[in-house]
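Pasted below: structure-v3.tsv, TSV, C-alpha atoms.
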```tsv
chain	number	residue	atom	x	y	z
N	1	MET	CA	103.35	112.15	145.24
N	2	GLN	CA	104.24	110.11	142.15
N	3	GLY	CA	100.85	108.39	142.12
N	4	ARG	CA	99.07	111.75	142.42
N	5	LYS	CA	100.73	113.34	139.41
N	6	ALA	CA	98.90	114.11	136.19
N	7	MET	CA	99.27	116.15	133.01
N	8	LEU	CA	96.25	118.06	131.75
N	9	ILE	CA	96.27	118.37	127.94
N	10	LEU	CA	93.95	121.30	127.34
N	11	HIS	CA	92.45	122.60	124.10
N	12	GLY	CA	93.88	126.05	123.47
N	13	LYS	CA	90.55	127.88	123.37
N	14	GLN	CA	89.95	126.87	127.01
N	15	ALA	CA	93.16	128.47	128.28
N	16	MET	CA	91.30	131.45	129.78
N	17	ASN	CA	88.51	129.40	131.37
N	18	GLU	CA	88.38	130.81	134.90
N	19	GLU	CA	86.15	128.05	136.29
N	20	LEU	CA	88.66	125.52	135.05
N	21	ARG	CA	91.57	127.48	136.50
N	22	SER	CA	89.88	127.44	139.91
N	23	ALA	CA	89.24	123.70	139.62
N	24	VAL	CA	92.92	123.02	138.81
N	25	HIS	CA	94.05	125.02	141.85
N	26	ALA	CA	91.49	123.24	144.05
N	27	LEU	CA	92.79	119.82	142.98
N	28	ARG	CA	96.35	120.90	143.62
N	29	ASP	CA	95.33	121.98	147.12
N	30	THR	CA	94.33	118.37	147.85
N	31	GLY	CA	97.87	117.15	147.13
N	32	TRP	CA	97.76	116.48	143.39
N	33	GLN	CA	100.52	117.66	141.06
N	34	LEU	CA	98.54	118.72	138.00
N	35	ASP	CA	100.66	120.18	135.21
N	36	VAL	CA	98.89	121.91	132.34
N	37	ARG	CA	99.88	121.88	128.67
N	38	VAL	CA	97.85	123.72	126.01
N	39	THR	CA	97.33	122.70	122.37
N	40	TRP	CA	97.82	125.19	119.58
N	41	GLU	CA	97.52	123.25	116.30
N	42	GLY	CA	96.74	119.84	114.87
N	43	GLY	CA	98.93	117.07	116.23
N	44	ASP	CA	99.68	118.82	119.52
N	45	ALA	CA	97.51	116.49	121.60
N	46	GLN	CA	99.31	113.41	120.28
N	47	ARG	CA	102.72	115.03	120.81
N	48	LEU	CA	101.87	116.03	124.37
N	49	VAL	CA	100.67	112.51	125.19
N	50	GLY	CA	104.06	111.23	124.04
N	51	GLU	CA	105.85	113.77	126.22
N	52	ALA	CA	103.72	112.91	129.24
N	53	LEU	CA	104.36	109.19	128.87
N	54	ALA	CA	108.08	109.72	128.32
N	55	ALA	CA	108.20	111.82	131.49
N	56	GLY	CA	106.50	109.06	133.47
N	57	TYR	CA	103.17	110.69	134.24
N	58	PRO	CA	100.87	107.94	135.60
N	59	HIS	CA	97.72	109.92	134.73
N	60	ILE	CA	96.69	112.13	131.81
N	61	VAL	CA	93.65	114.42	131.67
N	62	ALA	CA	92.10	115.40	128.32
N	63	GLY	CA	90.35	118.77	128.45
N	64	GLY	CA	88.23	119.94	125.53
N	65	GLY	CA	85.48	118.80	123.20
N	66	ASP	CA	84.82	115.32	121.83
N	67	GLY	CA	87.57	115.72	119.22
N	68	THR	CA	90.22	116.52	121.82
N	69	LEU	CA	89.12	113.65	124.04
N	70	ARG	CA	89.36	111.29	121.07
N	71	ASP	CA	92.82	112.56	120.07
N	72	VAL	CA	94.23	111.96	123.54
N	73	ALA	CA	92.50	108.59	123.96
N	74	GLU	CA	93.72	107.46	120.53
N	75	ALA	CA	97.32	108.46	121.27
N	76	MET	CA	97.25	106.60	124.57
N	77	GLY	CA	95.64	103.55	122.99
N	78	LEU	CA	98.23	103.42	120.23
N	79	ALA	CA	101.02	103.76	122.80
N	80	GLY	CA	99.75	100.73	124.73
N	81	THR	CA	100.36	102.54	127.98
N	82	GLN	CA	99.27	101.60	131.50
N	83	ALA	CA	98.85	105.28	132.33
N	84	SER	CA	95.23	106.18	132.99
N	85	LEU	CA	93.04	108.84	131.40
N	86	ALA	CA	90.53	111.23	132.93
N	87	LEU	CA	88.14	113.27	130.79
N	88	LEU	CA	87.40	116.95	131.31
N	89	PRO	CA	84.48	117.66	128.93
N	90	LEU	CA	84.57	121.29	127.78
N	91	GLY	CA	82.95	121.11	124.34
N	92	THR	CA	79.52	121.85	122.93
N	93	ALA	CA	78.14	118.35	122.56
N	94	ASN	CA	80.16	116.34	125.13
N	95	ASP	CA	78.43	113.24	123.84
N	96	PHE	CA	80.68	110.61	125.38
N	97	ALA	CA	80.87	112.34	128.75
N	98	LYS	CA	77.11	112.75	129.03
N	99	ALA	CA	76.47	109.10	128.21
N	100	ALA	CA	79.18	108.01	130.66
N	101	GLY	CA	77.86	110.14	133.52
N	102	ILE	CA	81.04	112.24	133.67
N	103	PRO	CA	80.26	115.61	135.30
N	104	LEU	CA	80.41	118.67	133.08
N	105	GLU	CA	81.62	120.86	135.97
N	106	PRO	CA	85.44	121.01	135.85
N	107	ALA	CA	86.01	120.41	139.57
N	108	ALA	CA	83.75	117.36	139.66
N	109	ALA	CA	85.27	115.95	136.47
N	110	LEU	CA	88.82	116.35	137.82
N	111	ALA	CA	87.78	114.67	141.06
N	112	LEU	CA	87.32	111.43	139.08
N	113	LEU	CA	91.12	111.11	139.23
N	114	ASN	CA	90.49	109.80	142.74
N	115	GLN	CA	88.31	106.99	141.37
N	116	PRO	CA	89.98	103.72	140.28
N	117	ALA	CA	90.56	103.54	136.53
N	118	GLN	CA	88.51	101.00	134.56
N	119	ALA	CA	89.81	99.05	131.55
N	120	ILE	CA	87.69	100.06	128.55
N	121	ASP	CA	87.52	99.20	124.86
N	122	LEU	CA	88.28	101.50	121.97
N	123	GLY	CA	86.93	101.25	118.45
N	124	GLN	CA	89.26	100.89	115.51
N	125	VAL	CA	88.87	101.67	111.82
N	126	GLY	CA	91.96	101.26	109.67
N	127	GLU	CA	94.86	102.66	111.68
N	128	GLN	CA	92.64	105.02	113.68
N	129	LEU	CA	91.13	104.52	117.11
N	130	PHE	CA	87.99	106.18	118.44
N	131	LEU	CA	86.51	106.58	121.88
N	132	ASN	CA	82.84	107.25	121.26
N	133	MET	CA	81.18	106.58	117.91
N	134	ALA	CA	81.42	106.50	114.16
N	135	THR	CA	78.35	107.87	112.40
N	136	GLY	CA	77.41	107.75	108.74
N	137	GLY	CA	74.73	109.11	106.48
N	138	PHE	CA	72.86	112.37	106.88
N	139	GLY	CA	73.50	112.63	110.61
N	140	SER	CA	77.27	112.69	110.13
N	141	GLN	CA	76.94	115.40	107.47
N	142	VAL	CA	74.98	117.54	109.93
N	143	THR	CA	77.65	117.10	112.60
N	144	ALA	CA	80.48	117.95	110.22
N	145	SER	CA	78.77	121.03	108.77
N	146	THR	CA	77.57	122.65	112.01
N	147	SER	CA	79.60	125.83	112.41
N	148	GLU	CA	81.58	126.70	115.52
N	149	ASP	CA	79.85	130.09	115.72
N	150	LEU	CA	76.42	128.46	115.69
N	151	LYS	CA	77.47	126.02	118.42
N	152	LYS	CA	78.62	128.95	120.58
N	153	VAL	CA	75.19	130.58	120.28
N	154	LEU	CA	72.86	127.57	120.39
N	155	GLY	CA	74.93	124.85	122.06
N	156	ALA	CA	73.86	121.30	121.23
N	157	ALA	CA	70.68	122.64	119.60
N	158	ALA	CA	72.89	123.87	116.76
N	159	TYR	CA	73.00	120.34	115.35
N	160	LEU	CA	69.20	120.19	115.15
N	161	PHE	CA	69.08	123.65	113.58
N	162	THR	CA	71.63	122.61	110.93
N	163	GLY	CA	69.66	119.44	110.22
N	164	LEU	CA	66.46	121.39	109.68
N	165	SER	CA	68.20	123.93	107.44
N	166	ARG	CA	69.59	121.11	105.27
N	167	PHE	CA	66.23	119.38	104.96
N	168	SER	CA	66.33	119.55	101.14
N	169	GLU	CA	69.64	117.63	101.09
N	170	LEU	CA	68.21	114.60	102.86
N	171	GLN	CA	69.36	111.60	100.85
N	172	ALA	CA	69.70	107.91	101.57
N	173	ALA	CA	72.99	106.04	101.28
N	174	SER	CA	73.09	102.56	99.76
N	175	VAL	CA	75.34	100.34	101.89
N	176	GLU	CA	76.14	96.77	102.84
N	177	LEU	CA	77.15	95.71	106.35
N	178	GLN	CA	78.74	92.34	107.09
N	179	GLY	CA	79.83	90.93	110.46
N	180	PRO	CA	79.81	87.65	112.39
N	181	ASP	CA	76.35	86.09	111.78
N	182	PHE	CA	75.11	89.47	110.57
N	183	HIS	CA	74.36	90.85	107.12
N	184	TRP	CA	72.31	93.85	106.05
N	185	GLN	CA	72.07	95.59	102.70
N	186	GLY	CA	69.90	98.49	101.62
N	187	ASP	CA	69.40	102.25	101.78
N	188	LEU	CA	69.95	103.94	105.12
N	189	LEU	CA	69.47	107.41	106.46
N	190	ALA	CA	71.78	107.12	109.45
N	191	LEU	CA	74.36	104.66	110.75
N	192	GLY	CA	75.94	104.49	114.19
N	193	ILE	CA	78.84	102.23	115.18
N	194	GLY	CA	79.18	102.88	118.86
N	195	ASN	CA	81.52	102.29	121.71
N	196	GLY	CA	79.51	105.06	123.38
N	197	ARG	CA	75.81	105.78	123.00
N	198	GLN	CA	75.24	109.15	121.36
N	199	ALA	CA	76.71	111.57	118.82
N	200	GLY	CA	75.89	114.79	117.01
N	201	GLY	CA	74.88	116.76	120.10
N	202	GLY	CA	72.63	114.20	121.77
N	203	GLN	CA	71.38	111.85	119.04
N	204	VAL	CA	71.18	108.54	120.91
N	205	LEU	CA	71.95	105.92	118.29
N	206	CYS	CA	73.25	103.04	120.43
N	207	PRO	CA	71.30	103.23	123.71
N	208	GLU	CA	72.60	99.95	125.13
N	209	ALA	CA	76.31	100.35	124.30
N	210	VAL	CA	78.90	99.77	127.01
N	211	VAL	CA	82.64	100.34	126.90
N	212	ASN	CA	83.91	97.13	128.48
N	213	ASP	CA	82.18	94.28	126.65
N	214	GLY	CA	84.62	93.85	123.75
N	215	LEU	CA	81.87	94.67	121.23
N	216	LEU	CA	80.64	97.54	119.09
N	217	ASP	CA	76.95	98.41	118.94
N	218	ILE	CA	75.53	98.85	115.43
N	219	ALA	CA	72.48	101.02	114.74
N	220	ILE	CA	70.97	101.28	111.25
N	221	LEU	CA	68.12	103.63	110.39
N	222	PRO	CA	66.74	102.41	107.04
N	223	ALA	CA	65.56	105.12	104.67
N	224	PRO	CA	61.79	105.64	105.04
N	225	THR	CA	59.66	106.21	101.99
N	226	GLU	CA	58.55	109.71	103.00
N	227	VAL	CA	60.99	112.55	103.57
N	228	VAL	CA	58.93	113.98	106.43
N	229	GLY	CA	59.06	110.64	108.19
N	230	ALA	CA	62.79	110.48	107.55
N	231	LEU	CA	63.47	113.76	109.33
N	232	ARG	CA	61.22	112.80	112.23
N	233	ASP	CA	62.99	109.50	112.70
N	234	LEU	CA	66.44	111.09	112.49
N	235	PHE	CA	65.70	113.29	115.48
N	236	GLY	CA	63.89	110.90	117.77
N	237	GLY	CA	62.34	107.90	116.09
N	238	GLU	CA	63.33	104.59	117.70
N	239	GLY	CA	61.14	101.85	116.32
N	240	LEU	CA	62.69	101.68	112.85
N	241	PHE	CA	66.28	101.05	113.97
N	242	ILE	CA	67.99	97.76	113.16
N	243	ARG	CA	70.53	96.88	115.85
N	244	ALA	CA	73.37	94.45	116.37
N	245	ARG	CA	76.31	94.00	118.76
N	246	LEU	CA	79.44	92.72	117.03
N	247	PRO	CA	83.21	92.40	117.56
N	248	TRP	CA	83.70	93.76	114.04
N	249	VAL	CA	81.71	94.93	111.04
N	250	GLU	CA	82.61	95.78	107.45
N	251	VAL	CA	80.74	98.63	105.75
N	252	LYS	CA	80.74	98.96	101.97
N	253	SER	CA	79.14	101.56	99.71
N	254	SER	CA	79.70	101.80	95.97
N	255	GLN	CA	79.10	105.56	95.93
N	256	GLY	CA	81.23	106.20	99.00
N	257	LEU	CA	80.04	106.77	102.55
N	258	ASP	CA	80.66	109.87	104.67
N	259	ILE	CA	81.72	108.88	108.18
N	260	ASN	CA	82.21	111.12	111.18
N	261	LEU	CA	84.64	109.59	113.67
N	262	ASP	CA	84.30	111.50	116.94
N	263	GLY	CA	84.47	114.70	114.91
N	264	GLU	CA	87.01	113.43	112.35
N	265	PRO	CA	85.55	113.16	108.82
N	266	LEU	CA	86.27	110.07	106.74
N	267	LYS	CA	85.07	109.02	103.29
N	268	ALA	CA	85.68	105.62	101.76
N	269	ASP	CA	83.99	102.88	99.76
N	270	SER	CA	84.88	100.17	102.28
N	271	LEU	CA	85.74	100.36	105.99
N	272	ARG	CA	86.27	97.72	108.64
N	273	PHE	CA	85.38	98.61	112.22
N	274	ALA	CA	86.49	96.50	115.17
N	275	ALA	CA	86.43	96.65	118.94
N	276	LYS	CA	89.80	96.65	120.71
N	277	PRO	CA	89.04	95.23	124.15
N	278	ALA	CA	90.57	96.69	127.32
N	279	THR	CA	92.83	99.08	125.39
N	280	LEU	CA	92.64	102.08	127.72
N	281	ARG	CA	92.36	102.69	131.47
N	282	LEU	CA	89.74	105.39	132.06
N	283	HIS	CA	88.51	107.09	135.23
N	284	LEU	CA	84.71	106.82	135.24
N	285	PRO	CA	82.03	107.28	137.88
N	286	SER	CA	81.55	104.03	139.79
N	287	ALA	CA	77.95	103.79	138.56
N	288	SER	CA	78.64	104.87	134.98
N	289	PRO	CA	75.93	103.64	132.59
N	290	LEU	CA	78.65	102.74	130.09
N	291	LEU	CA	80.11	100.03	132.36
N	292	SER	CA	78.63	96.56	131.95
N	293	HIS	CA	79.45	95.88	135.59
N	294	PRO	CA	79.31	99.27	137.35
N	295	GLY	CA	81.76	99.80	140.17
```

What does this structure look like when you write it as structure tokens?
Amino acid sequence: MQGRKAMLILHGKQAMNEELRSAVHALRDTGWQLDVRVTWEGGDAQRLVGEALAAGYPHIVAGGGDGTLRDVAEAMGLAGTQASLALLPLGTANDFAKAAGIPLEPAAALALLNQPAQAIDLGQVGEQLFLNMATGGFGSQVTASTSEDLKKVLGAAAYLFTGLSRFSELQAASVELQGPDFHWQGDLLALGIGNGRQAGGGQVLCPEAVVNDGLLDIAILPAPTEVVGALRDLFGGEGLFIRARLPWVEVKSSQGLDINLDGEPLKADSLRFAAKPATLRLHLPSASPLLSHPG
């Protein structure tokens, strides 16, 4: 039984999710001991990870939106644990889960506990770790300013709606990026530094990113000369992107750059991003697109 024992760390607003409750009972019926703990306030996810590891749980499940998944993954990565993580995507965007091929149905997502865990990378900036992606520029402002009420009504389309409503605020950011054999300087509209592939409710910024190559994918959308073209490219243009794949990259901006880190806002003049190879053991579908060698 010890090997089939897991703690589910669940975002508090999902506590009354009946489909999830049924999925938990169904997994227990197959012989799993699945204990549920619910978050209430900031810091709870990290605290519960510590309690689970101290109690010897070999598996942890993160249930919630992209922010909750990141919080749990970060806490496990910082702990350097051999315990494995399964993701139960219950948010609006579910960007990492969709790119990874993780089912959005609770029962199917929990069933991934029966799949072997894969060693994956995490991204790091300063003392923080992230699972999916750091975004900068206008796209990150849209993600940060999209209201919870709007997401409840429109789902992922809320991000597009917010972007359109903030059309007049569209401004370029002047930045410099430096990495191994890579240098770029200029004005950009959007920046993605990805361990995963998409952010902001489905904006695919790093379409070739994988989670087990020891590298971060860099996507730069230079600022076009026409505002109409800028908005078009933000929500679907591909040809203007500048791309790189690097073990680390430094980003500098004299006026400060707004960064969204899996839902966590950051602002700084200079940030260093790096890949941390094989930092976390994650249960993924055997044919996940985010694995460089599926299966």

Practice prompt. Record the distance separating CA of Leu261 in chain N and CA of Ala62 in chain N, expressed in Å with one decimal.
Written response: 17.4 Å

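Shortest separation to Ala100 in chain N among N:His25, N:Arg281, N:Arg272, N:Arg197 occurs at residue N:Arg197, atoms counted being only C-alpha atoms.
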
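Here the residues that fall within 12 Å of (105.4, 106.7, 142.9), using only C-alpha atoms, are given as Met1, Gln2, Gly3, Arg4, Lys5, Ala6, Gly56, Tyr57, Pro58 and His59 of chain N.
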
Worksheet entry | Residue contacts of Arg70 in chain N (6 Å, only C-alpha atoms) excluding same-chain residues fewer than 4 positions away, as a ChimeraX atom specification | /N:74,130-131

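Closest approach to Ala219 in chain N among N:Gly123, N:Val204, N:Thr92, N:Ile193 is made by N:Ile193 (distances from all atoms listed in the file).
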
Worksheet item: Pick the closest to Asp187 in chain N from N:Pro285, N:Gly202, N:Pro89, N:Gly136: which is it, counting all atoms listed in the file?
Response: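 Between N:Pro285, N:Gly202, N:Pro89, N:Gly136, the residue approaching Asp187 in chain N most closely is N:Gly136.
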
Using only the atoms of range 116-123 of chain N listed in the file, plus 5 Å on each side, state the axis-aligned box centre and edge lengths in Å rounded to one decimal, as JSON.
```
{"center_x": 88.7, "center_y": 101.4, "center_z": 129.4, "size_x": 13.6, "size_y": 14.7, "size_z": 31.8}
```

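For the atom pair formed by CA of Asp121 in chain N and CA of Ala209 in chain N, the distance is 11.3 Å, given to one decimal.
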
Can you tell me which residues surround Pro103 in chain N at a distance of at most 9 Å, considering only C-alpha atoms, apart from same-chain residues fewer than 5 positions away, and format the answer as a PDB file with C-alpha atoms, keeping the file's coordinate frame?
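Output file part.pdb follows:
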```pdb
ATOM      1  CA  LEU N  88      87.400 116.950 131.310  1.00  0.00           C
ATOM      2  CA  PRO N  89      84.480 117.660 128.930  1.00  0.00           C
ATOM      3  CA  ALA N  97      80.870 112.340 128.750  1.00  0.00           C
ATOM      4  CA  LYS N  98      77.110 112.750 129.030  1.00  0.00           C
ATOM      5  CA  ALA N 108      83.750 117.360 139.660  1.00  0.00           C
ATOM      6  CA  ALA N 109      85.270 115.950 136.470  1.00  0.00           C
ATOM      7  CA  LEU N 110      88.820 116.350 137.820  1.00  0.00           C
ATOM      8  CA  PRO N 285      82.030 107.280 137.880  1.00  0.00           C
TER       9      PRO N 285
END
```

Practice prompt. Could you please determine the separation between CA of Ala274 in chain N and CA of Leu69 in chain N in Å, to one decimal place?
Written response: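 So the answer is 19.5 Å.
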
Discussion item. Here's a test: counting only C-alpha atoms, identify every protein, DNA and RNA residue with an atom at most 10 Å from (102.5, 113.4, 132.1) in the file's coordinate frame, and state them as an MDAnalysis selection string.
Written reply: chainID N and resid 5:9 34:37 48:61 83

Item to complete: Return the single residue from N:Leu205, N:Leu215, N:Val249, N:Val210 that is closest to Asp181 in chain N, with distances computed using only C-alpha atoms.
Response: N:Val249
